[in-house]
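Below is one structure, written out as structure tokens; comments come after it.
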Amino acid sequence: MTVAPEAPGARPAAGRPRTTLPGPPRAAEPGGERRRALTQLRATDVWAMTGAAASALALTWLLFTRLLPFDGAVGFVVVAYGLFLLIYALLVSFDEDGPAVVDRIAAAVVRSMGLLLVVILTFVVCYALVEGRKALVHANFFTEDMQRAGPLEPLSVGGALHAAVGTLIMIVLALAVTVPTGLVCAVFLTEVPGPYARFVRTIVEAMTALPSIVAGLFIYATAILGLGLDQSGLAAALALSVMMLPIIIRAADVVIRLVPGTLREASYAMGTSRWRTVWHVVLPTCRSGLTTAVILGTARGIGETSPVLLTAGFTSELNLDPLHGPMVSLPLATFEFVKSPEPTMISRGFGTAALLMALVLLLFVVARVIGGRGPGQLTHRQEHRRVLASRRDARRFAERRAAPHPTVLTEPGSPS
């Protein structure tokens with residue numbers, strides 16, 4: 001590397017030597033401007049956003065109360081949001097150029113949409129908890145079924161145990177079918193490309209938009225009417241599997257495609273077969289993404305109502321046998337409770353909805369604990385096995401070095 005000569009009168013830098021170019025000293029940044037990190041907010045950004053929000057609210061209030069015959073909360077929010085974007089773009093244009101203005105508007109829209117989703121989710125969760133608080137404070141709501149509770153019974157009698165147990169049985173059976181089937185199909189679509197794989201991918205993409213009532217009718221016609229299966233938890237699990245399978249296959253297919261091809265090539269270069277590469281390289285690398293695919297499929301199936309009503313029926317008693325007898329789920333129980341005109345039943349319905357959300361959260365946490373580790377992150381047992389294997393290798397190498405080398409006898413005059 002060629003080092004440019006130092007400028008006359010320049011002082012030597014302390015510590016690590018640096019390259020100094022001759023000529024007049026340059027500004028800290030090109031053009032004399034201070035470089036700005038894109039991930040940081042300046043004070044002008046905060047003031048522009050605050051001023052735009054205040055101005056939009058004031059103008060919207062003036063339009064709705066003084067100038068125009070507008071009313072309604074939804075219209076007020078929509079008009080205020082549109083005025084906020086216009087005023088914010090105007091304020092940003094005073095300091096930035098065209099591309100920066102477009103970038104700020106896009107960032108404001110994306111962040112506001114994210115905030116809107118968080119607000120809606122918080123409202124739904126809090127509303128279910130507030131409306132169901134009268135039922136959730138009773139311990140019998142979690143330990144009893146509705147066998148001895150009628151519409152006029154107080155909240156101290158009956159509960160949603162039969163619905164919670166039925167939901168767990170159905171979703172466990174559905175996961176036992178969809179997880180291995182969906183992952184194997186996703187691996188096939190990615191690792192064995194061809195016309196048949198493209199045909200299967202097209203069918204899977206079309207099934208992601210399958211209405212739930214169609215899945216329930218399919219299982220009702222084939223399993224119940226055709227094969228003679230009773231209306232039971234198993235039939236409902238099969239209907240939920242039809243809904244969950246395309247979601248898991250599609251999401252797992254996308255995740256497996258993201259695995260770098262260099263990892264597969266390195267495995268093949270070591271002489272490993274295709275399926276051993278998939279089992280030991282591809283699937284462990286995308287373990288976290290596969291967990292997300294399973295969570296998405298579970299969320300799709302656990303909230304379905306119509307397939308369960310067609311294939312499992314409805315009951316007020318606790319049924320632990322998934323092969324015989326009707327079985328109810330939490331969404332179906334919520335629907336049956338809420339449509340009653342009695343306030344106690346409505347409270348039970350919102351309490352059941354809150355219990356369903358808690359169950360989904362529990363399944364999410366369990367799935368993250370089981371498969372949420374990233375590539376290369378080992379469990380304590382796997383780390384212990386790796387340490388023991390390393391010690392065995394070190395001991396074997398030490399014994400090989402300590403072993404006497406065999407003596408090779410050579411004839412006189414021959415090279416050693």
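Convention: chains lettered A, B, ... in structure tokens order; per-chain residue numbering from 1; ligands numbered from 1 as shown.
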If you take only C-alpha atoms and a cut-off of 6 Å, which residues of region 278-382 of chain A touch region 122-144 of chain A, and what are their nearest atom pairs and distances in Å to one decimal, in chain and number order, as JSON lines?
{"residue": "A:Ser347", "atom": "CA", "partner": "A:Gly132", "partner_atom": "CA", "distance": 4.9}
{"residue": "A:Arg348", "atom": "CA", "partner": "A:Ala135", "partner_atom": "CA", "distance": 5.6}
{"residue": "A:Phe350", "atom": "CA", "partner": "A:Gly132", "partner_atom": "CA", "distance": 4.5}
{"residue": "A:Gly351", "atom": "CA", "partner": "A:Gly132", "partner_atom": "CA", "distance": 4.1}
{"residue": "A:Ala354", "atom": "CA", "partner": "A:Ala128", "partner_atom": "CA", "distance": 5.8}
Determine, counting only C-alpha atoms, which protein, DNA and RNA residues have an atom within 8 Å of an atom of region 158-162 of chain A; residues of the same chain fewer than 5 positions away are not included. Present the result as an mmCIF file with C-alpha atoms, in the first residue's frame.
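Dumped to result37.cif:
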data_model
loop_
_atom_site.group_PDB
_atom_site.id
_atom_site.type_symbol
_atom_site.label_atom_id
_atom_site.label_comp_id
_atom_site.auth_asym_id
_atom_site.auth_seq_id
_atom_site.Cartn_x
_atom_site.Cartn_y
_atom_site.Cartn_z
ATOM 1 C CA ASN A 140 -65.665 -23.193 39.066
ATOM 2 C CA PHE A 141 -65.415 -21.574 35.626
ATOM 3 C CA PHE A 142 -62.101 -23.412 35.128
ATOM 4 C CA THR A 143 -63.018 -26.680 36.901
ATOM 5 C CA GLU A 144 -66.623 -27.467 35.900
ATOM 6 C CA ASP A 145 -68.593 -28.073 32.723
ATOM 7 C CA MET A 146 -72.137 -26.947 31.854
ATOM 8 C CA GLN A 147 -73.852 -30.250 32.600
ATOM 9 C CA ARG A 148 -75.706 -28.920 35.671
ATOM 10 C CA ALA A 149 -75.855 -25.260 34.648
ATOM 11 C CA SER A 316 -72.473 -29.469 27.652
ATOM 12 C CA GLU A 317 -70.603 -32.386 29.237
ATOM 13 C CA LEU A 318 -66.905 -33.148 29.517
ATOM 14 C CA ASN A 319 -65.877 -35.814 26.990
ATOM 15 C CA VAL A 328 -67.091 -28.945 21.901
ATOM 16 C CA SER A 329 -64.322 -26.393 21.448
ATOM 17 C CA LEU A 330 -63.770 -22.955 22.961
ATOM 18 C CA ALA A 333 -68.798 -22.645 23.189
ATOM 19 C CA ARG A 348 -69.576 -16.910 30.277
ATOM 20 C CA THR A 352 -64.540 -18.388 27.317
#
Quiz prompt | Residue neighbourhood Pro307 (chain A), 7 Å, only C-alpha atoms, exclusion window fewer than 5 positions, as a PyMOL selection string | solution = chain A and resi 212-213+215-216+236+239
Self-check item: Non-local contacts of Leu283 (chain A) (12 Å; only C-alpha atoms; under 3 positions in same chain excluded) as number ranges by chain
Solution: A: 183-184, 186-187, 190-191, 252-253, 255-260, 263-264, 275-280, 286-291, 371, 374-376
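Comparing A:Arg400, A:Ile302, A:Ser93, A:Ala206 by their smallest distance to Ala174 (chain A), the closest is A:Ile302 (using only C-alpha atoms).
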Practice problem: Tell me which of A:Ser390, A:Thr298, A:Thr272, A:Thr167 sits closest to Pro331 (chain A), counting only C-alpha atoms. | Solution: A:Thr167
Quick one: contact table of region 285-318 of chain A to region 357-363 of chain A, 12 Å max, nearest atom pair and distance in Å to one decimal per residue, counting only C-alpha atoms, chain and number order, as JSON lines?
{"residue": "A:Thr291", "atom": "CA", "partner": "A:Leu363", "partner_atom": "CA", "distance": 11.3}
{"residue": "A:Thr292", "atom": "CA", "partner": "A:Leu363", "partner_atom": "CA", "distance": 11.7}
{"residue": "A:Val294", "atom": "CA", "partner": "A:Leu363", "partner_atom": "CA", "distance": 10.5}
{"residue": "A:Ile295", "atom": "CA", "partner": "A:Leu363", "partner_atom": "CA", "distance": 8.1}
{"residue": "A:Leu296", "atom": "CA", "partner": "A:Val360", "partner_atom": "CA", "distance": 10.9}
{"residue": "A:Gly297", "atom": "CA", "partner": "A:Val360", "partner_atom": "CA", "distance": 11.8}
{"residue": "A:Thr298", "atom": "CA", "partner": "A:Val360", "partner_atom": "CA", "distance": 8.5}
{"residue": "A:Ala299", "atom": "CA", "partner": "A:Val360", "partner_atom": "CA", "distance": 7.3}
{"residue": "A:Arg300", "atom": "CA", "partner": "A:Val360", "partner_atom": "CA", "distance": 10.8}
{"residue": "A:Gly301", "atom": "CA", "partner": "A:Val360", "partner_atom": "CA", "distance": 10.9}
{"residue": "A:Ile302", "atom": "CA", "partner": "A:Val360", "partner_atom": "CA", "distance": 8.0}
{"residue": "A:Gly303", "atom": "CA", "partner": "A:Val360", "partner_atom": "CA", "distance": 9.3}
Please produce a file of the residues just selected, as a PDB file, in the first residue's frame, where the atoms kept are N, CA and C atoms.
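What follows is the written file selection-v5.pdb:
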ATOM      1  N   THR A 291     -40.995 -23.232  13.332  1.00  0.00           N
ATOM      2  CA  THR A 291     -41.848 -23.033  14.505  1.00  0.00           C
ATOM      3  C   THR A 291     -42.901 -21.972  14.232  1.00  0.00           C
ATOM      4  N   THR A 292     -42.509 -20.904  13.560  1.00  0.00           N
ATOM      5  CA  THR A 292     -43.474 -19.869  13.190  1.00  0.00           C
ATOM      6  C   THR A 292     -44.542 -20.422  12.253  1.00  0.00           C
ATOM      7  N   VAL A 294     -45.670 -23.498  12.150  1.00  0.00           N
ATOM      8  CA  VAL A 294     -46.584 -24.307  12.965  1.00  0.00           C
ATOM      9  C   VAL A 294     -47.510 -23.421  13.788  1.00  0.00           C
ATOM     10  N   ILE A 295     -46.987 -22.317  14.311  1.00  0.00           N
ATOM     11  CA  ILE A 295     -47.819 -21.396  15.089  1.00  0.00           C
ATOM     12  C   ILE A 295     -48.904 -20.779  14.217  1.00  0.00           C
ATOM     13  N   LEU A 296     -48.566 -20.403  12.992  1.00  0.00           N
ATOM     14  CA  LEU A 296     -49.563 -19.829  12.087  1.00  0.00           C
ATOM     15  C   LEU A 296     -50.670 -20.842  11.775  1.00  0.00           C
ATOM     16  N   GLY A 297     -50.271 -22.094  11.520  1.00  0.00           N
ATOM     17  CA  GLY A 297     -51.276 -23.113  11.269  1.00  0.00           C
ATOM     18  C   GLY A 297     -52.146 -23.384  12.480  1.00  0.00           C
ATOM     19  N   THR A 298     -51.539 -23.399  13.661  1.00  0.00           N
ATOM     20  CA  THR A 298     -52.314 -23.621  14.884  1.00  0.00           C
ATOM     21  C   THR A 298     -53.302 -22.495  15.129  1.00  0.00           C
ATOM     22  N   ALA A 299     -52.856 -21.258  14.903  1.00  0.00           N
ATOM     23  CA  ALA A 299     -53.758 -20.116  15.080  1.00  0.00           C
ATOM     24  C   ALA A 299     -54.926 -20.163  14.105  1.00  0.00           C
ATOM     25  N   ARG A 300     -54.682 -20.705  12.901  1.00  0.00           N
ATOM     26  CA  ARG A 300     -55.784 -20.827  11.940  1.00  0.00           C
ATOM     27  C   ARG A 300     -56.794 -21.893  12.389  1.00  0.00           C
ATOM     28  N   GLY A 301     -56.326 -22.992  12.909  1.00  0.00           N
ATOM     29  CA  GLY A 301     -57.229 -24.077  13.242  1.00  0.00           C
ATOM     30  C   GLY A 301     -57.912 -23.938  14.581  1.00  0.00           C
ATOM     31  N   ILE A 302     -57.251 -23.312  15.543  1.00  0.00           N
ATOM     32  CA  ILE A 302     -57.799 -23.295  16.897  1.00  0.00           C
ATOM     33  C   ILE A 302     -58.987 -22.352  17.022  1.00  0.00           C
ATOM     34  N   GLY A 303     -59.150 -21.429  16.090  1.00  0.00           N
ATOM     35  CA  GLY A 303     -60.251 -20.485  16.182  1.00  0.00           C
ATOM     36  C   GLY A 303     -61.434 -20.799  15.288  1.00  0.00           C
TER      37      GLY A 303
END
Quiz item: Which residue out of A:Pro195, A:Leu86, A:Val369, A:Thr334 has the minimum interatomic distance to Ala163 (chain A) when only C-alpha atoms are used?
Solution: A:Thr334
Exercise. Find the residues around region 98-100 of chain A up to 12 Å (only C-alpha atoms counted), leave out those fewer than 6 positions away in its own chain, and share them as a ChimeraX atom specification.
Key: /A:38,45,89-92,106-107
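For the set A:Leu57, A:Leu355, A:Leu155, A:Val204, the residue with the smallest atom-to-atom gap to Pro343 (chain A) is A:Leu155, counting only C-alpha atoms.
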From region 169-294 of chain A, collect each residue whose DSSP state is helix (DSSP H, G or I) and return the set as a short mmCIF file (atom, residue, chain, number, x, y, z; two decimals) with N, CA and C atoms, in the first residue's frame.
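selection-v2.cif, written as the output of this step:
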data_model
loop_
_atom_site.label_atom_id
_atom_site.label_comp_id
_atom_site.auth_asym_id
_atom_site.auth_seq_id
_atom_site.Cartn_x
_atom_site.Cartn_y
_atom_site.Cartn_z
N ILE A 169 -57.63 -31.38 22.97
CA ILE A 169 -57.62 -32.69 22.32
C ILE A 169 -57.67 -32.54 20.80
N MET A 170 -58.52 -31.67 20.31
CA MET A 170 -58.64 -31.47 18.86
C MET A 170 -57.35 -30.92 18.26
N ILE A 171 -56.77 -29.93 18.90
CA ILE A 171 -55.60 -29.28 18.31
C ILE A 171 -54.38 -30.19 18.40
N VAL A 172 -54.28 -31.02 19.45
CA VAL A 172 -53.16 -31.96 19.55
C VAL A 172 -53.26 -33.02 18.46
N LEU A 173 -54.46 -33.55 18.24
CA LEU A 173 -54.64 -34.53 17.17
C LEU A 173 -54.38 -33.89 15.79
N ALA A 174 -54.84 -32.67 15.61
CA ALA A 174 -54.61 -32.00 14.33
C ALA A 174 -53.13 -31.73 14.11
N LEU A 175 -52.40 -31.33 15.15
CA LEU A 175 -50.95 -31.10 15.01
C LEU A 175 -50.21 -32.41 14.76
N ALA A 176 -50.68 -33.50 15.36
CA ALA A 176 -50.03 -34.80 15.10
C ALA A 176 -50.15 -35.21 13.65
N VAL A 177 -51.17 -34.71 12.97
CA VAL A 177 -51.34 -35.02 11.54
C VAL A 177 -50.62 -34.01 10.66
N THR A 178 -50.77 -32.73 10.98
CA THR A 178 -50.31 -31.68 10.07
C THR A 178 -48.82 -31.38 10.17
N VAL A 179 -48.22 -31.48 11.36
CA VAL A 179 -46.81 -31.10 11.49
C VAL A 179 -45.90 -32.02 10.68
N PRO A 180 -45.92 -33.35 10.87
CA PRO A 180 -45.04 -34.18 10.03
C PRO A 180 -45.43 -34.14 8.56
N THR A 181 -46.73 -34.16 8.26
CA THR A 181 -47.16 -34.13 6.87
C THR A 181 -46.78 -32.82 6.19
N GLY A 182 -47.01 -31.70 6.87
CA GLY A 182 -46.69 -30.41 6.29
C GLY A 182 -45.20 -30.19 6.09
N LEU A 183 -44.38 -30.60 7.05
CA LEU A 183 -42.94 -30.41 6.92
C LEU A 183 -42.37 -31.31 5.83
N VAL A 184 -42.83 -32.55 5.74
CA VAL A 184 -42.36 -33.45 4.68
C VAL A 184 -42.75 -32.91 3.31
N CYS A 185 -43.97 -32.40 3.19
CA CYS A 185 -44.40 -31.85 1.91
C CYS A 185 -43.61 -30.60 1.56
N ALA A 186 -43.31 -29.74 2.53
CA ALA A 186 -42.51 -28.55 2.27
C ALA A 186 -41.09 -28.91 1.83
N VAL A 187 -40.51 -29.92 2.48
CA VAL A 187 -39.17 -30.38 2.07
C VAL A 187 -39.20 -30.94 0.65
N PHE A 188 -40.26 -31.68 0.33
CA PHE A 188 -40.39 -32.22 -1.03
C PHE A 188 -40.48 -31.11 -2.07
N LEU A 189 -41.28 -30.08 -1.79
CA LEU A 189 -41.43 -28.99 -2.74
C LEU A 189 -40.13 -28.24 -2.97
N THR A 190 -39.28 -28.18 -1.94
CA THR A 190 -38.04 -27.41 -2.06
C THR A 190 -36.89 -28.25 -2.59
N GLU A 191 -36.76 -29.48 -2.11
CA GLU A 191 -35.59 -30.28 -2.43
C GLU A 191 -35.77 -31.14 -3.68
N PRO A 195 -42.01 -30.76 -12.37
CA PRO A 195 -43.41 -30.45 -12.72
C PRO A 195 -44.41 -30.87 -11.65
N TYR A 196 -44.19 -32.04 -11.05
CA TYR A 196 -45.11 -32.49 -10.03
C TYR A 196 -45.04 -31.60 -8.79
N ALA A 197 -43.85 -31.14 -8.42
CA ALA A 197 -43.72 -30.23 -7.28
C ALA A 197 -44.41 -28.89 -7.56
N ARG A 198 -44.30 -28.40 -8.79
CA ARG A 198 -45.01 -27.16 -9.13
C ARG A 198 -46.52 -27.34 -9.07
N PHE A 199 -47.01 -28.51 -9.49
CA PHE A 199 -48.45 -28.79 -9.41
C PHE A 199 -48.91 -28.83 -7.96
N VAL A 200 -48.14 -29.49 -7.10
CA VAL A 200 -48.51 -29.57 -5.68
C VAL A 200 -48.47 -28.19 -5.04
N ARG A 201 -47.47 -27.37 -5.38
CA ARG A 201 -47.40 -26.02 -4.82
C ARG A 201 -48.61 -25.19 -5.24
N THR A 202 -49.06 -25.35 -6.47
CA THR A 202 -50.24 -24.62 -6.93
C THR A 202 -51.48 -25.03 -6.14
N ILE A 203 -51.63 -26.33 -5.91
CA ILE A 203 -52.78 -26.82 -5.13
C ILE A 203 -52.72 -26.29 -3.70
N VAL A 204 -51.53 -26.28 -3.11
CA VAL A 204 -51.39 -25.79 -1.73
C VAL A 204 -51.74 -24.31 -1.65
N GLU A 205 -51.26 -23.52 -2.60
CA GLU A 205 -51.58 -22.10 -2.60
C GLU A 205 -53.07 -21.86 -2.76
N ALA A 206 -53.74 -22.69 -3.57
CA ALA A 206 -55.19 -22.54 -3.73
C ALA A 206 -55.94 -22.94 -2.47
N MET A 207 -55.42 -23.93 -1.72
CA MET A 207 -56.10 -24.40 -0.51
C MET A 207 -55.94 -23.43 0.66
N SER A 212 -63.70 -22.38 5.60
CA SER A 212 -63.72 -23.39 6.66
C SER A 212 -64.94 -24.29 6.56
N ILE A 213 -66.05 -23.77 6.10
CA ILE A 213 -67.24 -24.59 6.00
C ILE A 213 -67.06 -25.69 4.96
N VAL A 214 -66.26 -25.43 3.93
CA VAL A 214 -66.00 -26.45 2.91
C VAL A 214 -65.18 -27.59 3.50
N ALA A 215 -64.18 -27.25 4.33
CA ALA A 215 -63.39 -28.29 4.99
C ALA A 215 -64.26 -29.14 5.91
N GLY A 216 -65.18 -28.49 6.65
CA GLY A 216 -66.08 -29.26 7.51
C GLY A 216 -67.01 -30.16 6.72
N LEU A 217 -67.54 -29.67 5.61
CA LEU A 217 -68.41 -30.50 4.77
C LEU A 217 -67.64 -31.66 4.14
N PHE A 218 -66.37 -31.43 3.79
CA PHE A 218 -65.57 -32.50 3.20
C PHE A 218 -65.37 -33.64 4.19
N ILE A 219 -65.00 -33.34 5.41
CA ILE A 219 -64.80 -34.38 6.42
C ILE A 219 -66.14 -35.01 6.80
N TYR A 220 -67.20 -34.22 6.83
CA TYR A 220 -68.51 -34.77 7.17
C TYR A 220 -68.97 -35.77 6.10
N ALA A 221 -68.70 -35.45 4.82
CA ALA A 221 -69.15 -36.34 3.75
C ALA A 221 -68.27 -37.58 3.64
N THR A 222 -66.96 -37.43 3.83
CA THR A 222 -66.05 -38.57 3.65
C THR A 222 -65.90 -39.42 4.90
N ALA A 223 -65.65 -38.79 6.04
CA ALA A 223 -65.34 -39.55 7.25
C ALA A 223 -66.60 -39.99 7.99
N ILE A 224 -67.60 -39.12 8.06
CA ILE A 224 -68.79 -39.44 8.85
C ILE A 224 -69.82 -40.20 8.03
N LEU A 225 -70.18 -39.66 6.87
CA LEU A 225 -71.18 -40.35 6.04
C LEU A 225 -70.58 -41.51 5.26
N GLY A 226 -69.35 -41.34 4.74
CA GLY A 226 -68.75 -42.38 3.93
C GLY A 226 -68.15 -43.52 4.72
N GLY A 233 -64.35 -35.85 18.44
CA GLY A 233 -63.19 -34.98 18.40
C GLY A 233 -62.22 -35.34 17.30
N LEU A 234 -62.14 -36.63 16.95
CA LEU A 234 -61.25 -37.04 15.86
C LEU A 234 -61.72 -36.47 14.52
N ALA A 235 -63.03 -36.51 14.27
CA ALA A 235 -63.54 -35.94 13.03
C ALA A 235 -63.29 -34.43 12.98
N ALA A 236 -63.47 -33.76 14.11
CA ALA A 236 -63.18 -32.32 14.15
C ALA A 236 -61.70 -32.05 13.94
N ALA A 237 -60.83 -32.90 14.49
CA ALA A 237 -59.39 -32.73 14.29
C ALA A 237 -59.02 -32.91 12.82
N LEU A 238 -59.67 -33.85 12.14
CA LEU A 238 -59.41 -34.02 10.70
C LEU A 238 -59.84 -32.79 9.91
N ALA A 239 -60.98 -32.21 10.29
CA ALA A 239 -61.43 -30.99 9.61
C ALA A 239 -60.48 -29.83 9.87
N LEU A 240 -59.99 -29.72 11.09
CA LEU A 240 -59.01 -28.67 11.39
C LEU A 240 -57.69 -28.92 10.66
N SER A 241 -57.34 -30.19 10.47
CA SER A 241 -56.11 -30.50 9.74
C SER A 241 -56.19 -30.03 8.30
N VAL A 242 -57.38 -30.16 7.70
CA VAL A 242 -57.55 -29.67 6.32
C VAL A 242 -57.34 -28.16 6.26
N MET A 243 -57.72 -27.44 7.31
CA MET A 243 -57.53 -25.99 7.33
C MET A 243 -56.08 -25.61 7.64
N MET A 244 -55.42 -26.38 8.50
CA MET A 244 -54.08 -26.02 8.94
C MET A 244 -52.99 -26.45 7.97
N LEU A 245 -53.20 -27.54 7.26
CA LEU A 245 -52.13 -28.13 6.44
C LEU A 245 -51.61 -27.18 5.37
N PRO A 246 -52.44 -26.50 4.55
CA PRO A 246 -51.88 -25.60 3.55
C PRO A 246 -51.10 -24.44 4.14
N ILE A 247 -51.53 -23.93 5.30
CA ILE A 247 -50.81 -22.82 5.93
C ILE A 247 -49.41 -23.27 6.35
N ILE A 248 -49.32 -24.43 6.98
CA ILE A 248 -48.01 -24.92 7.43
C ILE A 248 -47.11 -25.23 6.24
N ILE A 249 -47.66 -25.85 5.20
CA ILE A 249 -46.84 -26.20 4.03
C ILE A 249 -46.31 -24.93 3.36
N ARG A 250 -47.18 -23.96 3.16
CA ARG A 250 -46.75 -22.74 2.45
C ARG A 250 -45.72 -21.98 3.25
N ALA A 251 -45.95 -21.79 4.54
CA ALA A 251 -44.99 -21.05 5.35
C ALA A 251 -43.67 -21.79 5.48
N ALA A 252 -43.71 -23.12 5.68
CA ALA A 252 -42.47 -23.90 5.79
C ALA A 252 -41.71 -23.93 4.47
N ASP A 253 -42.43 -23.94 3.35
CA ASP A 253 -41.77 -23.91 2.04
C ASP A 253 -40.98 -22.63 1.86
N VAL A 254 -41.57 -21.51 2.24
CA VAL A 254 -40.87 -20.23 2.12
C VAL A 254 -39.65 -20.19 3.03
N VAL A 255 -39.79 -20.72 4.25
CA VAL A 255 -38.68 -20.68 5.20
C VAL A 255 -37.52 -21.56 4.72
N ILE A 256 -37.83 -22.75 4.20
CA ILE A 256 -36.76 -23.66 3.74
C ILE A 256 -36.04 -23.07 2.53
N ARG A 257 -36.75 -22.33 1.71
CA ARG A 257 -36.10 -21.69 0.56
C ARG A 257 -35.05 -20.66 0.97
N GLY A 261 -27.80 -21.75 -0.06
CA GLY A 261 -27.38 -22.91 -0.83
C GLY A 261 -25.98 -23.36 -0.54
N THR A 262 -25.14 -22.46 -0.01
CA THR A 262 -23.76 -22.84 0.31
C THR A 262 -23.71 -23.89 1.42
N LEU A 263 -24.69 -23.87 2.33
CA LEU A 263 -24.72 -24.89 3.38
C LEU A 263 -24.99 -26.27 2.78
N ARG A 264 -25.92 -26.34 1.83
CA ARG A 264 -26.17 -27.61 1.17
C ARG A 264 -24.95 -28.07 0.38
N GLU A 265 -24.32 -27.15 -0.33
CA GLU A 265 -23.14 -27.51 -1.13
C GLU A 265 -22.01 -28.02 -0.25
N ALA A 266 -21.81 -27.38 0.92
CA ALA A 266 -20.77 -27.85 1.83
C ALA A 266 -21.07 -29.25 2.34
N SER A 267 -22.34 -29.52 2.61
CA SER A 267 -22.71 -30.86 3.07
C SER A 267 -22.51 -31.89 1.97
N TYR A 268 -22.90 -31.55 0.75
CA TYR A 268 -22.70 -32.48 -0.36
C TYR A 268 -21.22 -32.71 -0.63
N ALA A 269 -20.39 -31.68 -0.45
CA ALA A 269 -18.95 -31.82 -0.68
C ALA A 269 -18.31 -32.80 0.31
N ARG A 274 -28.61 -36.53 0.20
CA ARG A 274 -29.55 -35.41 0.18
C ARG A 274 -30.41 -35.38 1.44
N TRP A 275 -30.98 -36.52 1.83
CA TRP A 275 -31.90 -36.52 2.96
C TRP A 275 -31.16 -36.35 4.28
N ARG A 276 -29.92 -36.82 4.36
CA ARG A 276 -29.14 -36.55 5.57
C ARG A 276 -28.79 -35.06 5.66
N THR A 277 -28.56 -34.43 4.52
CA THR A 277 -28.32 -32.99 4.50
C THR A 277 -29.56 -32.23 4.96
N VAL A 278 -30.73 -32.68 4.51
CA VAL A 278 -31.97 -32.03 4.94
C VAL A 278 -32.17 -32.17 6.44
N TRP A 279 -31.90 -33.36 6.98
CA TRP A 279 -32.17 -33.62 8.39
C TRP A 279 -31.17 -32.92 9.31
N HIS A 280 -29.90 -32.88 8.91
CA HIS A 280 -28.87 -32.35 9.80
C HIS A 280 -28.43 -30.93 9.47
N VAL A 281 -28.79 -30.40 8.31
CA VAL A 281 -28.34 -29.06 7.93
C VAL A 281 -29.52 -28.13 7.69
N VAL A 282 -30.42 -28.51 6.79
CA VAL A 282 -31.48 -27.60 6.37
C VAL A 282 -32.49 -27.36 7.49
N LEU A 283 -33.04 -28.42 8.05
CA LEU A 283 -34.07 -28.26 9.08
C LEU A 283 -33.55 -27.60 10.36
N PRO A 284 -32.37 -27.96 10.89
CA PRO A 284 -31.88 -27.22 12.06
C PRO A 284 -31.62 -25.75 11.78
N THR A 285 -31.23 -25.41 10.54
CA THR A 285 -30.95 -24.01 10.24
C THR A 285 -32.21 -23.16 10.29
N ARG A 287 -35.02 -23.83 11.99
CA ARG A 287 -35.89 -24.32 13.06
C ARG A 287 -36.85 -23.23 13.55
N SER A 288 -36.35 -22.03 13.73
CA SER A 288 -37.20 -20.96 14.23
C SER A 288 -38.30 -20.61 13.23
N GLY A 289 -37.98 -20.59 11.95
CA GLY A 289 -39.01 -20.31 10.94
C GLY A 289 -40.05 -21.41 10.85
N LEU A 290 -39.62 -22.66 11.00
CA LEU A 290 -40.59 -23.76 11.00
C LEU A 290 -41.52 -23.67 12.20
N THR A 291 -40.99 -23.23 13.33
CA THR A 291 -41.85 -23.03 14.50
C THR A 291 -42.90 -21.97 14.23
N THR A 292 -42.51 -20.90 13.56
CA THR A 292 -43.47 -19.87 13.19
C THR A 292 -44.54 -20.42 12.25
N ALA A 293 -44.15 -21.29 11.32
CA ALA A 293 -45.12 -21.90 10.41
C ALA A 293 -46.14 -22.74 11.18
N VAL A 294 -45.67 -23.50 12.15
CA VAL A 294 -46.58 -24.31 12.97
C VAL A 294 -47.51 -23.42 13.79
#
Quiz item: Quick one: distance from CA of Leu62 (chain A) to CA of Ile120 (chain A) in Å, one decimal?
Solution: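 Value for the CA of Leu62 (chain A)-CA of Ile120 (chain A) distance: 27.3 Å.
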